[in-house]
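File shown: query36.pdb. Contents: PDB, C-alpha atoms.
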ATOM      1  CA  MET A   1      44.431  17.912  63.307  1.00  0.00           C
ATOM      2  CA  PRO A   2      47.989  16.904  62.387  1.00  0.00           C
ATOM      3  CA  SER A   3      49.109  16.743  58.787  1.00  0.00           C
ATOM      4  CA  ALA A   4      49.337  13.304  57.168  1.00  0.00           C
ATOM      5  CA  PHE A   5      53.088  13.903  56.944  1.00  0.00           C
ATOM      6  CA  THR A   6      53.493  14.639  60.649  1.00  0.00           C
ATOM      7  CA  PRO A   7      54.736  11.789  62.837  1.00  0.00           C
ATOM      8  CA  HIS A   8      52.258  10.588  65.467  1.00  0.00           C
ATOM      9  CA  ASN A   9      53.129   9.199  68.868  1.00  0.00           C
ATOM     10  CA  THR A  10      51.379   5.942  67.974  1.00  0.00           C
ATOM     11  CA  ASN A  11      53.157   5.581  64.642  1.00  0.00           C
ATOM     12  CA  PRO A  12      55.738   2.782  64.603  1.00  0.00           C
ATOM     13  CA  LEU A  13      56.806   3.773  61.070  1.00  0.00           C
ATOM     14  CA  THR A  14      59.210   6.592  61.830  1.00  0.00           C
ATOM     15  CA  GLN A  15      60.742   6.418  58.346  1.00  0.00           C
ATOM     16  CA  TYR A  16      57.278   6.753  56.729  1.00  0.00           C
ATOM     17  CA  PRO A  17      55.228   8.876  59.136  1.00  0.00           C
ATOM     18  CA  GLN A  18      52.406   9.417  56.639  1.00  0.00           C
ATOM     19  CA  ALA A  19      51.794   5.701  56.050  1.00  0.00           C
ATOM     20  CA  TRP A  20      50.229   4.840  59.420  1.00  0.00           C
ATOM     21  CA  GLU A  21      47.480   7.442  59.293  1.00  0.00           C
ATOM     22  CA  ARG A  22      46.773   6.725  55.635  1.00  0.00           C
ATOM     23  CA  ALA A  23      46.580   2.958  56.274  1.00  0.00           C
ATOM     24  CA  GLY A  24      43.898   3.671  58.854  1.00  0.00           C
ATOM     25  CA  GLN A  25      41.669   5.069  56.094  1.00  0.00           C
ATOM     26  CA  VAL A  26      42.036   2.266  53.521  1.00  0.00           C
ATOM     27  CA  LYS A  27      38.802   0.722  52.196  1.00  0.00           C
ATOM     28  CA  LEU A  28      40.276  -1.035  49.146  1.00  0.00           C
ATOM     29  CA  LEU A  29      43.697  -2.555  48.439  1.00  0.00           C
ATOM     30  CA  VAL A  30      44.715  -2.434  44.760  1.00  0.00           C
ATOM     31  CA  LEU A  31      47.650  -4.523  43.593  1.00  0.00           C
ATOM     32  CA  ASP A  32      49.736  -4.884  40.483  1.00  0.00           C
ATOM     33  CA  VAL A  33      50.842  -8.494  39.952  1.00  0.00           C
ATOM     34  CA  ASP A  34      54.338  -8.914  38.516  1.00  0.00           C
ATOM     35  CA  GLY A  35      56.816  -7.491  41.008  1.00  0.00           C
ATOM     36  CA  VAL A  36      54.149  -7.125  43.708  1.00  0.00           C
ATOM     37  CA  LEU A  37      52.378 -10.471  44.130  1.00  0.00           C
ATOM     38  CA  THR A  38      55.282 -12.190  42.364  1.00  0.00           C
ATOM     39  CA  ASN A  39      59.011 -11.524  42.298  1.00  0.00           C
ATOM     40  CA  GLY A  40      58.642 -10.022  38.828  1.00  0.00           C
ATOM     41  CA  GLN A  41      60.232 -12.866  36.914  1.00  0.00           C
ATOM     42  CA  VAL A  42      58.355 -14.164  33.894  1.00  0.00           C
ATOM     43  CA  TRP A  43      59.017 -17.812  33.065  1.00  0.00           C
ATOM     44  CA  ILE A  44      58.613 -18.519  29.354  1.00  0.00           C
ATOM     45  CA  GLY A  45      58.231 -22.138  28.232  1.00  0.00           C
ATOM     46  CA  ALA A  46      59.401 -23.797  25.012  1.00  0.00           C
ATOM     47  CA  ASP A  47      56.077 -22.841  23.428  1.00  0.00           C
ATOM     48  CA  GLY A  48      56.933 -19.147  23.899  1.00  0.00           C
ATOM     49  CA  LYS A  49      54.174 -18.635  26.480  1.00  0.00           C
ATOM     50  CA  GLU A  50      54.340 -17.775  30.129  1.00  0.00           C
ATOM     51  CA  SER A  51      54.565 -21.092  31.946  1.00  0.00           C
ATOM     52  CA  LEU A  52      54.912 -20.382  35.659  1.00  0.00           C
ATOM     53  CA  LYS A  53      54.241 -17.810  38.369  1.00  0.00           C
ATOM     54  CA  ALA A  54      55.065 -18.178  42.052  1.00  0.00           C
ATOM     55  CA  PHE A  55      52.866 -16.546  44.687  1.00  0.00           C
ATOM     56  CA  ASP A  56      53.665 -16.095  48.377  1.00  0.00           C
ATOM     57  CA  ILE A  57      51.305 -17.982  50.680  1.00  0.00           C
ATOM     58  CA  GLN A  58      51.515 -15.304  53.411  1.00  0.00           C
ATOM     59  CA  ASP A  59      50.364 -12.666  50.926  1.00  0.00           C
ATOM     60  CA  GLY A  60      47.301 -14.808  50.299  1.00  0.00           C
ATOM     61  CA  LEU A  61      46.418 -15.037  53.972  1.00  0.00           C
ATOM     62  CA  GLY A  62      46.870 -11.279  54.376  1.00  0.00           C
ATOM     63  CA  ILE A  63      44.407 -10.670  51.534  1.00  0.00           C
ATOM     64  CA  LYS A  64      41.906 -13.059  53.141  1.00  0.00           C
ATOM     65  CA  LEU A  65      42.292 -11.296  56.514  1.00  0.00           C
ATOM     66  CA  LEU A  66      41.520  -7.932  54.911  1.00  0.00           C
ATOM     67  CA  GLU A  67      38.441  -9.450  53.291  1.00  0.00           C
ATOM     68  CA  GLN A  68      37.265 -10.627  56.737  1.00  0.00           C
ATOM     69  CA  CYS A  69      37.363  -6.950  57.744  1.00  0.00           C
ATOM     70  CA  ASP A  70      35.362  -5.888  54.666  1.00  0.00           C
ATOM     71  CA  ILE A  71      38.411  -4.461  52.909  1.00  0.00           C
ATOM     72  CA  PRO A  72      38.423  -6.012  49.440  1.00  0.00           C
ATOM     73  CA  THR A  73      41.454  -6.442  47.222  1.00  0.00           C
ATOM     74  CA  ALA A  74      41.541  -5.645  43.524  1.00  0.00           C
ATOM     75  CA  ILE A  75      44.063  -6.622  40.869  1.00  0.00           C
ATOM     76  CA  ILE A  76      44.979  -4.231  38.055  1.00  0.00           C
ATOM     77  CA  THR A  77      47.727  -5.576  35.825  1.00  0.00           C
ATOM     78  CA  GLY A  78      49.036  -5.012  32.342  1.00  0.00           C
ATOM     79  CA  ARG A  79      49.494  -8.711  31.626  1.00  0.00           C
ATOM     80  CA  SER A  80      46.881 -11.436  31.206  1.00  0.00           C
ATOM     81  CA  SER A  81      47.512 -14.747  32.891  1.00  0.00           C
ATOM     82  CA  LYS A  82      45.439 -17.827  33.636  1.00  0.00           C
ATOM     83  CA  MET A  83      47.674 -18.387  36.649  1.00  0.00           C
ATOM     84  CA  VAL A  84      46.763 -14.977  38.077  1.00  0.00           C
ATOM     85  CA  LEU A  85      43.086 -15.640  37.447  1.00  0.00           C
ATOM     86  CA  ALA A  86      43.331 -19.002  39.238  1.00  0.00           C
ATOM     87  CA  ARG A  87      45.120 -17.445  42.232  1.00  0.00           C
ATOM     88  CA  CYS A  88      42.553 -14.654  42.459  1.00  0.00           C
ATOM     89  CA  GLU A  89      39.730 -17.177  42.337  1.00  0.00           C
ATOM     90  CA  GLU A  90      41.405 -19.202  45.084  1.00  0.00           C
ATOM     91  CA  LEU A  91      41.711 -16.092  47.278  1.00  0.00           C
ATOM     92  CA  GLY A  92      38.223 -14.805  46.520  1.00  0.00           C
ATOM     93  CA  ILE A  93      39.459 -11.615  44.828  1.00  0.00           C
ATOM     94  CA  LYS A  94      36.402 -10.350  42.923  1.00  0.00           C
ATOM     95  CA  TYR A  95      37.889  -7.358  41.135  1.00  0.00           C
ATOM     96  CA  VAL A  96      40.416  -8.616  38.598  1.00  0.00           C
ATOM     97  CA  HIS A  97      41.464  -6.410  35.681  1.00  0.00           C
ATOM     98  CA  MET A  98      44.079  -7.972  33.408  1.00  0.00           C
ATOM     99  CA  GLY A  99      45.601  -6.814  30.139  1.00  0.00           C
ATOM    100  CA  VAL A 100      45.099  -3.195  31.205  1.00  0.00           C
ATOM    101  CA  GLU A 101      46.957  -0.541  29.212  1.00  0.00           C
ATOM    102  CA  ASN A 102      45.931   2.437  31.336  1.00  0.00           C
ATOM    103  CA  LYS A 103      45.783   1.392  34.970  1.00  0.00           C
ATOM    104  CA  ALA A 104      44.591   4.808  36.164  1.00  0.00           C
ATOM    105  CA  ILE A 105      41.464   4.557  34.008  1.00  0.00           C
ATOM    106  CA  ALA A 106      40.801   1.024  35.263  1.00  0.00           C
ATOM    107  CA  LEU A 107      41.188   2.200  38.856  1.00  0.00           C
ATOM    108  CA  GLY A 108      38.879   5.143  38.253  1.00  0.00           C
ATOM    109  CA  GLU A 109      36.168   2.896  36.842  1.00  0.00           C
ATOM    110  CA  LEU A 110      36.557   0.415  39.697  1.00  0.00           C
ATOM    111  CA  ILE A 111      36.328   2.947  42.510  1.00  0.00           C
ATOM    112  CA  LYS A 112      33.360   4.629  40.851  1.00  0.00           C
ATOM    113  CA  SER A 113      31.545   1.267  40.664  1.00  0.00           C
ATOM    114  CA  LEU A 114      32.282   0.693  44.372  1.00  0.00           C
ATOM    115  CA  GLY A 115      31.260   4.192  45.452  1.00  0.00           C
ATOM    116  CA  LEU A 116      34.761   4.983  46.709  1.00  0.00           C
ATOM    117  CA  THR A 117      37.359   7.643  45.977  1.00  0.00           C
ATOM    118  CA  THR A 118      41.040   7.271  45.168  1.00  0.00           C
ATOM    119  CA  ALA A 119      41.755   8.557  48.686  1.00  0.00           C
ATOM    120  CA  ASP A 120      40.053   5.389  50.028  1.00  0.00           C
ATOM    121  CA  CYS A 121      42.542   3.167  48.212  1.00  0.00           C
ATOM    122  CA  ALA A 122      45.938   1.749  48.972  1.00  0.00           C
ATOM    123  CA  VAL A 123      47.720   1.061  45.679  1.00  0.00           C
ATOM    124  CA  MET A 124      50.848  -1.076  45.465  1.00  0.00           C
ATOM    125  CA  GLY A 125      52.997  -1.004  42.356  1.00  0.00           C
ATOM    126  CA  ASP A 126      56.640  -1.532  41.519  1.00  0.00           C
ATOM    127  CA  ASP A 127      57.412   0.158  38.198  1.00  0.00           C
ATOM    128  CA  TRP A 128      56.583   3.045  35.874  1.00  0.00           C
ATOM    129  CA  PRO A 129      53.308   1.627  34.482  1.00  0.00           C
ATOM    130  CA  ASP A 130      51.918   1.840  38.041  1.00  0.00           C
ATOM    131  CA  LEU A 131      52.691   5.512  38.657  1.00  0.00           C
ATOM    132  CA  GLN A 132      49.508   6.972  37.146  1.00  0.00           C
ATOM    133  CA  MET A 133      47.377   4.474  39.050  1.00  0.00           C
ATOM    134  CA  MET A 134      49.204   5.363  42.266  1.00  0.00           C
ATOM    135  CA  LYS A 135      49.083   9.122  41.715  1.00  0.00           C
ATOM    136  CA  ASN A 136      45.952   9.979  43.701  1.00  0.00           C
ATOM    137  CA  ALA A 137      45.835   6.963  45.996  1.00  0.00           C
ATOM    138  CA  GLY A 138      45.360   7.589  49.673  1.00  0.00           C
ATOM    139  CA  LEU A 139      48.279   5.248  50.360  1.00  0.00           C
ATOM    140  CA  ARG A 140      50.967   4.620  47.714  1.00  0.00           C
ATOM    141  CA  ILE A 141      53.142   1.569  48.341  1.00  0.00           C
ATOM    142  CA  CYS A 142      56.194   0.125  46.603  1.00  0.00           C
ATOM    143  CA  PRO A 143      57.850  -3.219  47.404  1.00  0.00           C
ATOM    144  CA  ALA A 144      61.518  -3.194  48.436  1.00  0.00           C
ATOM    145  CA  GLN A 145      62.845  -4.202  45.008  1.00  0.00           C
ATOM    146  CA  GLY A 146      60.662  -1.714  43.107  1.00  0.00           C
ATOM    147  CA  HIS A 147      62.076   0.855  40.712  1.00  0.00           C
ATOM    148  CA  GLU A 148      63.712   3.886  42.355  1.00  0.00           C
ATOM    149  CA  ALA A 149      61.234   6.307  40.732  1.00  0.00           C
ATOM    150  CA  VAL A 150      58.323   4.440  42.305  1.00  0.00           C
ATOM    151  CA  LYS A 151      60.048   4.217  45.678  1.00  0.00           C
ATOM    152  CA  GLY A 152      60.533   7.976  45.640  1.00  0.00           C
ATOM    153  CA  PHE A 153      56.827   8.470  44.880  1.00  0.00           C
ATOM    154  CA  ALA A 154      55.519   6.046  47.507  1.00  0.00           C
ATOM    155  CA  HIS A 155      54.238   6.855  50.983  1.00  0.00           C
ATOM    156  CA  LEU A 156      55.686   3.506  52.061  1.00  0.00           C
ATOM    157  CA  VAL A 157      58.393   1.179  50.764  1.00  0.00           C
ATOM    158  CA  THR A 158      58.021  -2.272  52.277  1.00  0.00           C
ATOM    159  CA  THR A 159      60.934  -4.054  53.898  1.00  0.00           C
ATOM    160  CA  ARG A 160      60.125  -7.154  51.843  1.00  0.00           C
ATOM    161  CA  SER A 161      60.259  -7.684  48.102  1.00  0.00           C
ATOM    162  CA  GLY A 162      57.363  -8.541  45.810  1.00  0.00           C
ATOM    163  CA  GLY A 163      56.555 -12.241  45.883  1.00  0.00           C
ATOM    164  CA  ASN A 164      58.242 -12.449  49.290  1.00  0.00           C
ATOM    165  CA  SER A 165      55.470 -11.377  51.704  1.00  0.00           C
ATOM    166  CA  ALA A 166      55.523  -7.664  50.766  1.00  0.00           C
ATOM    167  CA  VAL A 167      51.742  -7.710  50.327  1.00  0.00           C
ATOM    168  CA  ARG A 168      51.320  -9.394  53.721  1.00  0.00           C
ATOM    169  CA  GLU A 169      53.407  -6.608  55.248  1.00  0.00           C
ATOM    170  CA  VAL A 170      50.930  -4.098  53.800  1.00  0.00           C
ATOM    171  CA  CYS A 171      47.895  -6.111  54.906  1.00  0.00           C
ATOM    172  CA  ASP A 172      49.269  -6.304  58.457  1.00  0.00           C
ATOM    173  CA  LEU A 173      49.915  -2.555  58.447  1.00  0.00           C
ATOM    174  CA  ILE A 174      46.333  -1.816  57.372  1.00  0.00           C
ATOM    175  CA  LEU A 175      44.917  -4.186  59.983  1.00  0.00           C
ATOM    176  CA  LYS A 176      47.077  -2.694  62.748  1.00  0.00           C
ATOM    177  CA  ALA A 177      46.300   0.894  61.751  1.00  0.00           C
ATOM    178  CA  GLN A 178      42.583   0.050  61.814  1.00  0.00           C
ATOM    179  CA  ASN A 179      42.842  -1.747  65.176  1.00  0.00           C
ATOM    180  CA  ARG A 180      41.825  -5.144  63.758  1.00  0.00           C
ATOM    181  CA  TYR A 181      45.124  -7.038  63.850  1.00  0.00           C
ATOM    182  CA  GLU A 182      45.065  -8.179  67.501  1.00  0.00           C
ATOM    183  CA  GLU A 183      41.436  -9.314  67.232  1.00  0.00           C
ATOM    184  CA  LEU A 184      42.259 -11.508  64.217  1.00  0.00           C
ATOM    185  CA  LEU A 185      45.458 -12.801  65.802  1.00  0.00           C
ATOM    186  CA  ASN A 186      43.575 -13.745  68.978  1.00  0.00           C
ATOM    187  CA  LYS A 187      41.019 -15.655  66.883  1.00  0.00           C
ATOM    188  CA  ALA A 188      43.874 -17.543  65.196  1.00  0.00           C
ATOM    189  CA  ARG A 189      45.330 -18.423  68.592  1.00  0.00           C
ATOM    190  CA  SER A 190      42.065 -19.717  70.090  1.00  0.00           C
TER     191      SER A 190
END
Before anything else, please render the file you have as structure tokens.
Amino acid sequence: MPSAFTPHNTNPLTQYPQAWERAGQVKLLVLDVDGVLTNGQVWIGADGKESLKAFDIQDGLGIKLLEQCDIPTAIITGRSSKMVLARCEELGIKYVHMGVENKAIALGELIKSLGLTTADCAVMGDDWPDLQMMKNAGLRICPAQGHEAVKGFAHLVTTRSGGNSAVREVCDLILKAQNRYEELLNKARS
């Protein structure tokens, strides 16, 4: 059996040969929020509180498509936000962990409750607080604008930035690697 770091003939990701095989094994997608689901900007209103977050609509559809294939999405973020909670509710994301100081511990508790292992997870983060959570993930992903240290640690760096369809890029990769993409696309076309 080839190593996860060996390119495969079916792998379209020549720059990240390990990502295709790893995406084929994903059973849970875990996302940070700021810089992954958003562009990382925090809008503070006159009251000194966060007042606005912008989410990419294509990311939302990608998350829903994964859910249709029994691949849930989880959120693990250091910040707490009513806007994030509302978006997660809208998308049907059941596993939402906000205000988390140690993301690795939160991930460990989540995967244990789901009967999974870290190797079953794809984890997408953009900055240093995400590194411990990403450490043992089966697939480590960083959006294009992520910090250089995280990019160097990732199995895959997306071509798109956080808040600009980077999550959808990952969802599509997982669906393609698990041979579900064409089936879902054909349903959308019919």
Per residue of segment 147-167 of chain A within 8 Å of segment 25-35 of chain A, which atom pair is closest and at what distance in Å (one decimal), using all atoms listed in the file, listed by chain and increasing number, as JSON lines?
{"residue": "A:Ser161", "atom": "CA", "partner": "A:Gly35", "partner_atom": "CA", "distance": 7.9}
{"residue": "A:Gly162", "atom": "CA", "partner": "A:Gly35", "partner_atom": "CA", "distance": 4.9}
{"residue": "A:Gly163", "atom": "CA", "partner": "A:Gly35", "partner_atom": "CA", "distance": 6.8}
Dump of C-alpha atoms for the selected residues, as a PDB file, keeping the file's coordinate frame:
ATOM      1  CA  SER A 161      60.259  -7.684  48.102  1.00  0.00           C
ATOM      2  CA  GLY A 162      57.363  -8.541  45.810  1.00  0.00           C
ATOM      3  CA  GLY A 163      56.555 -12.241  45.883  1.00  0.00           C
TER       4      GLY A 163
END
Of the candidates A:Thr77, A:Gln58, A:Gln178, A:Gln18, which one gets nearest to Ile141 of chain A if we count only C-alpha atoms? A:Gln18
Could you check which of A:Leu156, A:Ala177, A:Cys142, A:Cys171 is closest to Pro72 of chain A, using all atoms listed in the file?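 When distances to Pro72 of chain A are compared using all atoms listed in the file, the smallest one comes from A:Cys171.
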Please tell me which residues are no farther than 10 Å from (51.1, 5.5, 35.9) in the file, counting all atoms listed in the file, and write them as a ChimeraX atom specification. /A:101-105,125,127-135,150
Written as a VMD selection string, what is the full residue list that the PyMOL selection byres ((chain A and resi 87) around 12) yields on the file shown? chain A and resid 33 37 to 38 53 to 57 59 to 60 63 75 81 to 86 88 to 94 96
Between A:Leu173, A:Leu114, A:Ile76, A:Ala119, which is the closest to Gly99 of chain A once you count all atoms listed in the file?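 For Gly99 of chain A, the nearest of the candidates is A:Ile76.
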Taking all atoms listed in the file into account, name the residue in A:Val167, A:Pro17, A:Asp126, A:Ile111 that is nearest to Ala149 of chain A.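 Of the candidates, the smallest distance to Ala149 of chain A is held by A:Asp126.
Atom to atom, atom CA of Thr158 of chain A and atom CA of Val170 of chain A stand 7.5 Å apart.
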Find the residue from A:Leu66, A:Thr14, A:Val100, A:Glu50 that sits nearest to Glu169 of chain A; use all atoms listed in the file when measuring.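 Among A:Leu66, A:Thr14, A:Val100, A:Glu50, it is A:Leu66 that comes nearest to Glu169 of chain A.
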Find the distance between atom CA of Ala122 of chain A and atom CA of Leu65 of chain A and write it in Å to one decimal.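 Separating atom CA of Ala122 of chain A from atom CA of Leu65 of chain A is a distance of 15.5 Å.
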For atom CA of Thr159 of chain A and atom CA of Leu61 of chain A, the interatomic separation in Å (one decimal): 18.2 Å
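Here the question is which of A:Gly24, A:Gly78, A:Gly40, A:Gly152 gets nearest to Leu52 of chain A using all atoms listed in the file, and that residue is A:Gly40.
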Edge lengths and centre in Å to one decimal, as lines of an AutoDock Vina configuration file, is what I'm after for the box along x, y and z that holds all listed atoms of segment 63-72 of chain A once 3 Å is added on each side.
center_x = 39.9
center_y = -8.8
center_z = 53.6
size_x = 15.0
size_y = 14.6
size_z = 14.3
Please return segment 80-115 of chain A, rebuilt to N, CA and C atoms, as a tab-separated table (two decimals), in the frame of the given file.
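Wrote rebuild-v3.tsv, looks like this:
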chain	number	residue	atom	x	y	z
A	80	SER	N	47.97	-10.48	31.01
A	80	SER	CA	46.88	-11.44	31.21
A	80	SER	C	47.49	-12.79	31.50
A	81	SER	N	46.93	-13.47	32.48
A	81	SER	CA	47.51	-14.75	32.89
A	81	SER	C	46.45	-15.63	33.52
A	82	LYS	N	46.36	-16.86	33.04
A	82	LYS	CA	45.44	-17.83	33.64
A	82	LYS	C	45.87	-18.15	35.07
A	83	MET	N	47.17	-18.10	35.31
A	83	MET	CA	47.67	-18.39	36.65
A	83	MET	C	47.22	-17.32	37.64
A	84	VAL	N	47.23	-16.07	37.22
A	84	VAL	CA	46.76	-14.98	38.08
A	84	VAL	C	45.27	-15.14	38.34
A	85	LEU	N	44.53	-15.45	37.30
A	85	LEU	CA	43.09	-15.64	37.45
A	85	LEU	C	42.79	-16.77	38.43
A	86	ALA	N	43.53	-17.87	38.33
A	86	ALA	CA	43.33	-19.00	39.24
A	86	ALA	C	43.66	-18.61	40.68
A	87	ARG	N	44.74	-17.87	40.87
A	87	ARG	CA	45.12	-17.44	42.23
A	87	ARG	C	44.07	-16.50	42.81
A	88	CYS	N	43.58	-15.59	41.99
A	88	CYS	CA	42.55	-14.65	42.46
A	88	CYS	C	41.27	-15.39	42.83
A	89	GLU	N	40.92	-16.37	42.04
A	89	GLU	CA	39.73	-17.18	42.34
A	89	GLU	C	39.91	-17.91	43.66
A	90	GLU	N	41.10	-18.48	43.85
A	90	GLU	CA	41.40	-19.20	45.08
A	90	GLU	C	41.30	-18.29	46.31
A	91	LEU	N	41.72	-17.04	46.16
A	91	LEU	CA	41.71	-16.09	47.28
A	91	LEU	C	40.39	-15.34	47.42
A	92	GLY	N	39.50	-15.50	46.46
A	92	GLY	CA	38.22	-14.80	46.52
A	92	GLY	C	38.32	-13.34	46.11
A	93	ILE	N	39.33	-12.99	45.32
A	93	ILE	CA	39.46	-11.62	44.83
A	93	ILE	C	38.46	-11.43	43.69
A	94	LYS	N	37.50	-10.54	43.89
A	94	LYS	CA	36.40	-10.35	42.92
A	94	LYS	C	36.73	-9.36	41.82
A	95	TYR	N	37.62	-8.45	42.08
A	95	TYR	CA	37.89	-7.36	41.14
A	95	TYR	C	39.24	-7.60	40.48
A	96	VAL	N	39.20	-8.23	39.30
A	96	VAL	CA	40.42	-8.62	38.60
A	96	VAL	C	40.40	-7.99	37.21
A	97	HIS	N	41.35	-7.11	36.97
A	97	HIS	CA	41.46	-6.41	35.68
A	97	HIS	C	42.83	-6.73	35.09
A	98	MET	N	42.83	-7.55	34.04
A	98	MET	CA	44.08	-7.97	33.41
A	98	MET	C	44.16	-7.42	31.99
A	99	GLY	N	45.39	-7.33	31.49
A	99	GLY	CA	45.60	-6.81	30.14
A	99	GLY	C	45.27	-5.33	30.03
A	100	VAL	N	45.48	-4.60	31.12
A	100	VAL	CA	45.10	-3.20	31.20
A	100	VAL	C	46.24	-2.31	30.69
A	101	GLU	N	45.94	-1.47	29.72
A	101	GLU	CA	46.96	-0.54	29.21
A	101	GLU	C	47.07	0.70	30.08
A	102	ASN	N	45.94	1.24	30.51
A	102	ASN	CA	45.93	2.44	31.34
A	102	ASN	C	45.34	2.08	32.70
A	103	LYS	N	46.21	1.84	33.65
A	103	LYS	CA	45.78	1.39	34.97
A	103	LYS	C	45.00	2.47	35.72
A	104	ALA	N	45.31	3.72	35.48
A	104	ALA	CA	44.59	4.81	36.16
A	104	ALA	C	43.13	4.83	35.76
A	105	ILE	N	42.86	4.60	34.48
A	105	ILE	CA	41.46	4.56	34.01
A	105	ILE	C	40.74	3.37	34.64
A	106	ALA	N	41.41	2.21	34.65
A	106	ALA	CA	40.80	1.02	35.26
A	106	ALA	C	40.50	1.26	36.73
A	107	LEU	N	41.42	1.89	37.45
A	107	LEU	CA	41.19	2.20	38.86
A	107	LEU	C	40.02	3.16	39.02
A	108	GLY	N	39.97	4.18	38.19
A	108	GLY	CA	38.88	5.14	38.25
A	108	GLY	C	37.52	4.49	38.06
A	109	GLU	N	37.43	3.60	37.09
A	109	GLU	CA	36.17	2.90	36.84
A	109	GLU	C	35.81	1.99	38.01
A	110	LEU	N	36.80	1.32	38.57
A	110	LEU	CA	36.56	0.42	39.70
A	110	LEU	C	36.05	1.18	40.91
A	111	ILE	N	36.74	2.23	41.30
A	111	ILE	CA	36.33	2.95	42.51
A	111	ILE	C	34.97	3.61	42.33
A	112	LYS	N	34.68	4.05	41.12
A	112	LYS	CA	33.36	4.63	40.85
A	112	LYS	C	32.28	3.56	41.05
A	113	SER	N	32.53	2.35	40.53
A	113	SER	CA	31.54	1.27	40.66
A	113	SER	C	31.35	0.86	42.12
A	114	LEU	N	32.37	1.05	42.95
A	114	LEU	CA	32.28	0.69	44.37
A	114	LEU	C	31.84	1.85	45.26
A	115	GLY	N	31.66	3.03	44.67
A	115	GLY	CA	31.26	4.19	45.45
A	115	GLY	C	32.36	4.72	46.35
